[in-house]
Amino acid sequence: AFLYARRKKLNFLTLADALIPGVLLAQAIGRWGNYFNMECYGPEILSPAFQFFPVGVLIPDGTGGYAWHMATFFYESLWNLALLIFILAMTKHKKFHGEFFYFYLFFYGLGRFWIEGLRTDQLKMWVTGFPVSQALALVLMAVALILFVLGLHKSKQNNAQKL
């Protein structure tokens, strides 16, 4: 998207803001692929009170049986739909180019950090043992927060100059 915007002489942040709703919808739908592939689930649910969908999903346990596990794919799908609804509701209140893009990076990162913490099949960094996806989520959140604050500050300066 960045290279496309540059090539077509478009503002990348304007393009990114326009693409984010579609990205969120695609991610919400795409997470269901994890259900069909029986991957990206959380720990086993031992309490019968919580052994039902959408809290959990039945996953083969390797012995010919099934066990209930947290449905982390579903949690992320719902998280993405909630972000999509919020962004669509905020379209009339947008203050600067890139606002939705930064919002997406921060809150997608927040949800991803939380949900990845529930998963049992994480890729871990070899030195620290910290999950790679959670580290990336923290970096995305920090960068997005900084860029959001800078964008908001620049927007306020531009509005003050217009007065």
# chains A, B, ... in the order shown; residues from 1 in each chain; ligands from 1
call {"tool": "select_by_dssp", "arguments": {"residues": "chain A", "states": "strand (DSSP E or B)", "output": "ChimeraX atom specification"}}
result
/A:44,56-60,66-70,124,131
call {"tool": "select_by_dssp", "arguments": {"residues": "segment 4-163 of chain A", "states": "helix (DSSP H, G or I)", "output": "PyMOL selection string"}}
result
chain A and resi 4-7+12-30+32-36+48-50+72-89+91-93+99-116+132-162
call {"tool": "residues_around", "arguments": {"residues": "Leu78 of chain A", "least_positions_apart": "5", "cutoff": "9 Å", "atoms": "only C-alpha atoms", "output": "list in words"}}
result
Ala28, Phe73 and Leu83 of chain A
call {"tool": "residues_around", "arguments": {"residues": "Ile20 of chain A", "least_positions_apart": "2", "cutoff": "9 Å", "atoms": "only C-alpha atoms", "output": "PyMOL selection string"}}
result
chain A and resi 15-18+22-25+84+87+100-101+104
call {"tool": "closest_atom_pairs", "arguments": {"of": "segment 11-48 of chain A", "to": "segment 52-63 of chain A", "cutoff": "12 Å", "atoms": "only C-alpha atoms", "output": "Markdown table"}}
result
| residue | atom | partner | partner_atom | distance |
| --- | --- | --- | --- | --- |
| A:Trp32 | CA | A:Val57 | CA | 12.0 |
| A:Asn34 | CA | A:Val57 | CA | 11.2 |
| A:Tyr35 | CA | A:Val57 | CA | 8.3 |
| A:Phe36 | CA | A:Ile59 | CA | 10.4 |
| A:Asn37 | CA | A:Ile59 | CA | 10.0 |
| A:Met38 | CA | A:Ile59 | CA | 6.4 |
| A:Glu39 | CA | A:Ile59 | CA | 8.7 |
| A:Cys40 | CA | A:Ile59 | CA | 10.7 |
| A:Tyr41 | CA | A:Val57 | CA | 8.2 |
| A:Gly42 | CA | A:Gly56 | CA | 8.5 |
| A:Pro43 | CA | A:Gly56 | CA | 9.5 |
| A:Glu44 | CA | A:Gly56 | CA | 8.6 |
| A:Ile45 | CA | A:Gly56 | CA | 7.2 |
| A:Leu46 | CA | A:Gly56 | CA | 10.6 |
| A:Ser47 | CA | A:Phe52 | CA | 10.3 |
| A:Pro48 | CA | A:Phe52 | CA | 8.3 |
call {"tool": "residues_around", "arguments": {"residues": "Phe113 of chain A", "least_positions_apart": "4", "cutoff": "9 Å", "atoms": "only C-alpha atoms", "output": "PyMOL selection string"}}
result
chain A and resi 108-109+117+133-138
call {"tool": "write_last_selection", "arguments": {"atoms": "C-alpha atoms", "output": "PDB file, in the first residue's frame"}}
result
ATOM      1  CA  TYR A 108      -5.244  -4.518  17.077  1.00  0.00           C
ATOM      2  CA  GLY A 109      -1.914  -4.796  18.902  1.00  0.00           C
ATOM      3  CA  GLY A 117      -1.145 -14.622  25.868  1.00  0.00           C
ATOM      4  CA  SER A 133       3.755 -12.101  18.522  1.00  0.00           C
ATOM      5  CA  GLN A 134       3.313 -10.350  21.865  1.00  0.00           C
ATOM      6  CA  ALA A 135       6.614  -8.495  21.442  1.00  0.00           C
ATOM      7  CA  LEU A 136       5.545  -7.350  17.974  1.00  0.00           C
ATOM      8  CA  ALA A 137       2.163  -6.269  19.355  1.00  0.00           C
ATOM      9  CA  LEU A 138       3.889  -4.129  22.003  1.00  0.00           C
TER      10      LEU A 138
END
call {"tool": "residues_around", "arguments": {"residues": "Phe2 of chain A", "least_positions_apart": "6", "cutoff": "12 Å", "atoms": "only C-alpha atoms", "output": "PyMOL selection string"}}
result
chain A and resi 8-16+19
call {"tool": "write_last_selection", "arguments": {"atoms": "C-alpha atoms", "output": "short mmCIF file (atom, residue, chain, number, x, y, z; two decimals), in the first residue's frame"}}
result
data_model
loop_
_atom_site.label_atom_id
_atom_site.label_comp_id
_atom_site.auth_asym_id
_atom_site.auth_seq_id
_atom_site.Cartn_x
_atom_site.Cartn_y
_atom_site.Cartn_z
CA LYS A 8 0.30 7.05 -7.64
CA LYS A 9 1.27 10.20 -5.68
CA LEU A 10 -1.39 9.56 -3.03
CA ASN A 11 -1.19 10.36 0.65
CA PHE A 12 -0.35 7.00 2.25
CA LEU A 13 -2.16 7.82 5.50
CA THR A 14 -5.36 8.71 3.64
CA LEU A 15 -5.14 5.44 1.72
CA ALA A 16 -4.39 3.48 4.91
CA LEU A 19 -8.21 0.39 3.72
#
call {"tool": "atom_distance", "arguments": {"atom1": "atom CA of Met141 of chain A", "atom2": "atom CA of Lys92 of chain A"}}
result
24.0 Å
call {"tool": "atom_distance", "arguments": {"atom1": "atom CA of Phe74 of chain A", "atom2": "atom CA of Ala1 of chain A"}}
result
27.7 Å
call {"tool": "residues_around", "arguments": {"residues": "Glu99 of chain A", "least_positions_apart": "4", "cutoff": "9 Å", "atoms": "only C-alpha atoms", "output": "PyMOL selection string"}}
result
chain A and resi 13+17+94-95+103-104+147-148+151-152
call {"tool": "closest_residue", "arguments": {"among": "A:Ser77, A:Gln161, A:Gln51, A:Thr72", "to": "Glu116 of chain A", "atoms": "only C-alpha atoms"}}
result
A:Thr72
call {"tool": "atom_distance", "arguments": {"atom1": "atom CA of Leu118 of chain A", "atom2": "atom CA of His69 of chain A"}}
result
10.4 Å
